[in-house]
>>> print(open('start_24.cif').read())   # mmCIF, C-alpha atoms; chains and numbers go by the auth columns
data_query
loop_
_atom_site.group_PDB
_atom_site.id
_atom_site.type_symbol
_atom_site.label_atom_id
_atom_site.label_comp_id
_atom_site.label_asym_id
_atom_site.label_seq_id
_atom_site.Cartn_x
_atom_site.Cartn_y
_atom_site.Cartn_z
_atom_site.B_iso_or_equiv
_atom_site.auth_seq_id
_atom_site.auth_asym_id
ATOM 1 C CA MET A 1 103.330 85.419 97.129 0.00 1329 A
ATOM 2 C CA LEU A 2 105.412 88.546 97.733 0.00 1330 A
ATOM 3 C CA GLN A 3 102.364 90.650 96.977 0.00 1331 A
ATOM 4 C CA ASN A 4 100.405 88.721 99.632 0.00 1332 A
ATOM 5 C CA ILE A 5 103.182 89.285 102.169 0.00 1333 A
ATOM 6 C CA LYS A 6 103.243 92.991 101.321 0.00 1334 A
ATOM 7 C CA MET A 7 99.485 93.282 101.574 0.00 1335 A
ATOM 8 C CA ASN A 8 99.156 91.277 104.827 0.00 1336 A
ATOM 9 C CA HIS A 9 102.327 92.362 106.579 0.00 1337 A
ATOM 10 C CA SER A 10 100.610 93.101 109.900 0.00 1338 A
ATOM 11 C CA VAL A 11 99.070 89.629 110.148 0.00 1339 A
ATOM 12 C CA LEU A 12 102.429 88.146 109.210 0.00 1340 A
ATOM 13 C CA ALA A 13 104.164 90.206 111.910 0.00 1341 A
ATOM 14 C CA ASN A 14 101.562 89.152 114.475 0.00 1342 A
ATOM 15 C CA GLY A 15 102.083 85.513 113.595 0.00 1343 A
ATOM 16 C CA ILE A 16 105.842 85.800 113.935 0.00 1344 A
ATOM 17 C CA GLU A 17 105.435 87.622 117.264 0.00 1345 A
ATOM 18 C CA LEU A 18 103.184 84.845 118.574 0.00 1346 A
ATOM 19 C CA ILE A 19 105.688 82.201 117.523 0.00 1347 A
ATOM 20 C CA VAL A 20 108.472 84.123 119.276 0.00 1348 A
ATOM 21 C CA LEU A 21 106.334 84.472 122.430 0.00 1349 A
ATOM 22 C CA GLY A 22 105.704 80.728 122.418 0.00 1350 A
ATOM 23 C CA ALA A 23 109.430 80.053 121.953 0.00 1351 A
ATOM 24 C CA PHE A 24 110.195 82.462 124.812 0.00 1352 A
ATOM 25 C CA PHE A 25 107.949 80.502 127.144 0.00 1353 A
ATOM 26 C CA ILE A 26 109.461 77.215 126.020 0.00 1354 A
ATOM 27 C CA VAL A 27 112.930 78.496 126.902 0.00 1355 A
ATOM 28 C CA ASN A 28 111.767 80.242 130.118 0.00 1356 A
ATOM 29 C CA SER A 29 109.166 77.810 131.384 0.00 1357 A
ATOM 30 C CA PHE A 30 107.516 78.167 134.787 0.00 1358 A
ATOM 31 C CA ARG A 31 107.994 81.914 134.849 0.00 1359 A
ATOM 32 C CA PHE A 32 104.683 82.333 136.675 0.00 1360 A
ATOM 33 C CA ASP A 33 105.302 79.732 139.383 0.00 1361 A
ATOM 34 C CA ARG A 34 104.058 81.440 142.577 0.00 1362 A
ATOM 35 C CA PRO A 35 102.264 79.910 145.589 0.00 1363 A
ATOM 36 C CA ASP A 36 99.703 82.690 146.139 0.00 1364 A
ATOM 37 C CA PHE A 37 96.639 84.288 144.540 0.00 1365 A
ATOM 38 C CA PHE A 38 98.502 84.839 141.296 0.00 1366 A
ATOM 39 C CA ASN A 39 99.108 81.108 141.080 0.00 1367 A
ATOM 40 C CA MET A 40 95.387 80.498 140.639 0.00 1368 A
ATOM 41 C CA ILE A 41 94.999 83.049 137.862 0.00 1369 A
ATOM 42 C CA ALA A 42 97.932 82.889 135.485 0.00 1370 A
ATOM 43 C CA THR A 43 100.367 80.197 136.474 0.00 1371 A
ATOM 44 C CA HIS A 44 99.358 77.956 133.601 0.00 1372 A
ATOM 45 C CA LEU A 45 99.960 80.499 130.842 0.00 1373 A
ATOM 46 C CA ASP A 46 103.587 79.456 130.471 0.00 1374 A
ATOM 47 C CA ASP A 47 102.969 75.711 130.603 0.00 1375 A
ATOM 48 C CA PRO A 48 103.695 73.608 127.501 0.00 1376 A
ATOM 49 C CA PRO A 49 100.064 73.246 126.289 0.00 1377 A
ATOM 50 C CA PHE A 50 99.623 77.020 126.167 0.00 1378 A
ATOM 51 C CA THR A 51 102.975 77.550 124.469 0.00 1379 A
ATOM 52 C CA VAL A 52 101.998 75.010 121.842 0.00 1380 A
ATOM 53 C CA VAL A 53 98.737 76.921 121.319 0.00 1381 A
ATOM 54 C CA LEU A 54 100.759 80.134 120.877 0.00 1382 A
ATOM 55 C CA ILE A 55 103.013 78.536 118.286 0.00 1383 A
ATOM 56 C CA ILE A 56 100.059 76.987 116.443 0.00 1384 A
ATOM 57 C CA ALA A 57 98.155 80.293 116.437 0.00 1385 A
ATOM 58 C CA GLY A 58 101.261 82.084 115.161 0.00 1386 A
ATOM 59 C CA THR A 59 101.770 79.509 112.434 0.00 1387 A
ATOM 60 C CA ILE A 60 98.138 79.846 111.366 0.00 1388 A
ATOM 61 C CA CYS A 61 98.519 83.635 111.189 0.00 1389 A
ATOM 62 C CA VAL A 62 101.685 83.306 109.105 0.00 1390 A
ATOM 63 C CA MET A 63 100.039 80.856 106.709 0.00 1391 A
ATOM 64 C CA VAL A 64 96.906 83.007 106.403 0.00 1392 A
ATOM 65 C CA ALA A 65 99.055 86.037 105.591 0.00 1393 A
ATOM 66 C CA ILE A 66 101.206 84.230 103.040 0.00 1394 A
ATOM 67 C CA LEU A 67 98.314 82.437 101.330 0.00 1395 A
ATOM 68 C CA ASN A 68 96.011 85.497 101.590 0.00 1396 A
ATOM 69 C CA ILE A 69 92.991 83.684 103.002 0.00 1397 A
ATOM 70 C CA HIS A 70 90.609 86.643 103.135 0.00 1398 A
ATOM 71 C CA TYR A 71 87.976 85.324 105.501 0.00 1399 A
ATOM 72 C CA LEU A 72 90.570 84.435 108.171 0.00 1400 A
ATOM 73 C CA LEU A 73 92.605 87.664 108.126 0.00 1401 A
ATOM 74 C CA ARG A 74 90.339 89.510 110.571 0.00 1402 A
ATOM 75 C CA TRP A 75 90.086 86.469 112.821 0.00 1403 A
ATOM 76 C CA CYS A 76 93.852 86.302 113.037 0.00 1404 A
ATOM 77 C CA LEU A 77 93.957 89.926 114.160 0.00 1405 A
ATOM 78 C CA VAL A 78 91.189 89.366 116.711 0.00 1406 A
ATOM 79 C CA GLY A 79 92.813 86.202 118.044 0.00 1407 A
ATOM 80 C CA SER A 80 96.267 87.711 118.344 0.00 1408 A
ATOM 81 C CA THR A 81 94.843 90.802 120.069 0.00 1409 A
ATOM 82 C CA PHE A 82 93.098 88.539 122.564 0.00 1410 A
ATOM 83 C CA ILE A 83 96.271 86.545 123.208 0.00 1411 A
ATOM 84 C CA TRP A 84 98.452 89.626 123.680 0.00 1412 A
ATOM 85 C CA THR A 85 95.901 91.213 125.993 0.00 1413 A
ATOM 86 C CA ILE A 86 95.635 88.064 128.133 0.00 1414 A
ATOM 87 C CA TYR A 87 99.411 87.779 128.462 0.00 1415 A
ATOM 88 C CA GLY A 88 99.714 91.518 129.141 0.00 1416 A
ATOM 89 C CA CYS A 89 97.171 91.195 131.955 0.00 1417 A
ATOM 90 C CA ALA A 90 99.013 88.172 133.357 0.00 1418 A
ATOM 91 C CA PHE A 91 102.308 90.056 133.441 0.00 1419 A
ATOM 92 C CA LEU A 92 100.557 93.095 134.924 0.00 1420 A
ATOM 93 C CA ILE A 93 99.119 90.969 137.735 0.00 1421 A
ATOM 94 C CA LYS A 94 102.540 89.418 138.269 0.00 1422 A
ATOM 95 C CA ASN A 95 104.149 92.855 138.541 0.00 1423 A
ATOM 96 C CA ILE A 96 101.555 94.073 141.021 0.00 1424 A
ATOM 97 C CA ASP A 97 101.774 90.856 143.020 0.00 1425 A
ATOM 98 C CA LEU A 98 105.573 90.719 143.198 0.00 1426 A
ATOM 99 C CA TRP A 99 106.577 94.360 143.377 0.00 1427 A
ATOM 100 C CA GLY A 100 103.437 96.188 144.418 0.00 1428 A
ATOM 101 C CA ASN A 101 103.121 98.434 141.375 0.00 1429 A
ATOM 102 C CA ALA A 102 102.388 98.103 137.704 0.00 1430 A
ATOM 103 C CA PHE A 103 105.438 99.990 136.475 0.00 1431 A
ATOM 104 C CA SER A 104 108.214 97.888 137.967 0.00 1432 A
ATOM 105 C CA ASN A 105 108.772 95.971 134.713 0.00 1433 A
ATOM 106 C CA LEU A 106 107.886 96.985 131.188 0.00 1434 A
ATOM 107 C CA ASP A 107 107.049 93.505 129.907 0.00 1435 A
ATOM 108 C CA CYS A 108 103.295 93.882 130.360 0.00 1436 A
ATOM 109 C CA TRP A 109 103.277 97.313 128.730 0.00 1437 A
ATOM 110 C CA PHE A 110 105.123 95.965 125.686 0.00 1438 A
ATOM 111 C CA MET A 111 102.439 93.293 125.344 0.00 1439 A
ATOM 112 C CA PHE A 112 99.693 95.891 125.647 0.00 1440 A
ATOM 113 C CA ALA A 113 101.495 97.958 122.991 0.00 1441 A
ATOM 114 C CA VAL A 114 101.493 95.000 120.603 0.00 1442 A
ATOM 115 C CA ALA A 115 97.773 94.463 121.303 0.00 1443 A
ATOM 116 C CA LEU A 116 97.079 98.156 120.664 0.00 1444 A
ATOM 117 C CA ARG A 117 99.058 98.042 117.412 0.00 1445 A
ATOM 118 C CA THR A 118 97.038 95.034 116.321 0.00 1446 A
ATOM 119 C CA ILE A 119 93.782 96.837 117.131 0.00 1447 A
ATOM 120 C CA LEU A 120 94.932 99.881 115.157 0.00 1448 A
ATOM 121 C CA ASP A 121 95.951 97.699 112.207 0.00 1449 A
ATOM 122 C CA ALA A 122 92.520 96.089 112.176 0.00 1450 A
ATOM 123 C CA TRP A 123 90.799 99.470 112.524 0.00 1451 A
ATOM 124 C CA ALA A 124 92.860 101.017 109.737 0.00 1452 A
ATOM 125 C CA GLY A 125 91.855 98.231 107.407 0.00 1453 A
ATOM 126 C CA ASP A 126 95.346 96.928 106.862 0.00 1454 A
ATOM 127 C CA THR A 127 93.921 93.657 105.605 0.00 1455 A
ATOM 128 C CA ARG A 128 92.202 93.828 102.253 0.00 1456 A
#
>>> encode(input="start_24.cif", output="structure tokens")
Amino acid sequence: MLQNIKMNHSVLANGIELIVLGAFFIVNSFRFDRPDFFNMIATHLDDPPFTVVLIIAGTICVMVAILNIHYLLRWCLVGSTFIWTIYGCAFLIKNIDLWGNAFSNLDCWFMFAVALRTILDAWAGDTR
């Protein structure tokens, strides 16, 4: 089991990050509650059904990494990249909508950095 964790550490880290993101939105619910254009696009990303999906996806990634399920390792990386990119875009739109520029808060850029790290892990062949 420790060898599987060592071998699939990036998928394990992605799963833990997704679980933490879901827990963050459970604690800070309705973060995207705005009555304007942004409300139509991303207001539901912090609602309980989406946070449950985040936690389930993170748990699946953790289990795939620990149990070393080969045919799901790449899918976990693709799915977590998609999730981080969607949430990064939502925070980017929120920053532009609220403050008028994309660099007012770093939250979206941290999410894009996690997505980029996941892409680089997949490209480097971190999963065997």
>>> closest_residue(input="start_24.cif", among="A:Phe1419, A:Phe1438, A:Trp1451, A:Phe1352", to="Leu1405 in chain A", atoms="all atoms listed in the file")
A:Trp1451
>>> closest_atom_pairs(input="start_24.cif", of="range 1356-1452 of chain A", to="range 1329-1344 of chain A", cutoff="7 Å", atoms="only C-alpha atoms", output="tab-separated table")
residue	atom	partner	partner_atom	distance
A:Gly1386	CA	A:Gly1343	CA	3.9
A:Thr1387	CA	A:Gly1343	CA	6.1
A:Cys1389	CA	A:Gly1343	CA	4.7
A:Val1390	CA	A:Leu1340	CA	4.9
A:Ala1393	CA	A:Asn1336	CA	5.3
A:Ile1394	CA	A:Ile1333	CA	5.5
A:Leu1395	CA	A:Asn1332	CA	6.8
A:Asn1396	CA	A:Asn1332	CA	5.8
A:Cys1404	CA	A:Val1339	CA	6.8
A:Leu1405	CA	A:Val1339	CA	6.5
A:Ser1408	CA	A:Asn1342	CA	6.7
A:Asp1449	CA	A:Ser1338	CA	6.9
>>> residues_around(input="start_24.cif", residues="Ala1443 in chain A", least_positions_apart="4", cutoff="9 Å", atoms="all atoms listed in the file", output="list in words")
Ser1408, Thr1409, Phe1410, Ile1411, Trp1412, Thr1413, Gly1416, Phe1438, Met1439, Ile1447 and Leu1448 of chain A
>>> closest_residue(input="start_24.cif", among="A:Asp1375, A:Ile1388, A:Val1442, A:Ile1414", to="Val1355 in chain A", atoms="all atoms listed in the file")
A:Asp1375
>>> closest_residue(input="start_24.cif", among="A:Leu1382, A:Val1392, A:Val1406, A:Leu1400", to="Ala1450 in chain A", atoms="only C-alpha atoms")
A:Val1406
>>> atom_distance(input="start_24.cif", atom1="CA of Met1391 in chain A", atom2="CA of Phe1378 in chain A")
19.8 Å
>>> atom_distance(input="start_24.cif", atom1="CA of His1372 in chain A", atom2="CA of Leu1401 in chain A")
28.1 Å
>>> atom_distance(input="start_24.cif", atom1="CA of Gly1350 in chain A", atom2="CA of Ala1385 in chain A")
9.6 Å
>>> axis_aligned_box(input="start_24.cif", around="range 1440-1446 of chain A", padding_each_side="5 Å", output="JSON")
{"center_x": 99.3, "center_y": 96.3, "center_z": 121.0, "size_x": 14.5, "size_y": 13.7, "size_z": 19.3}
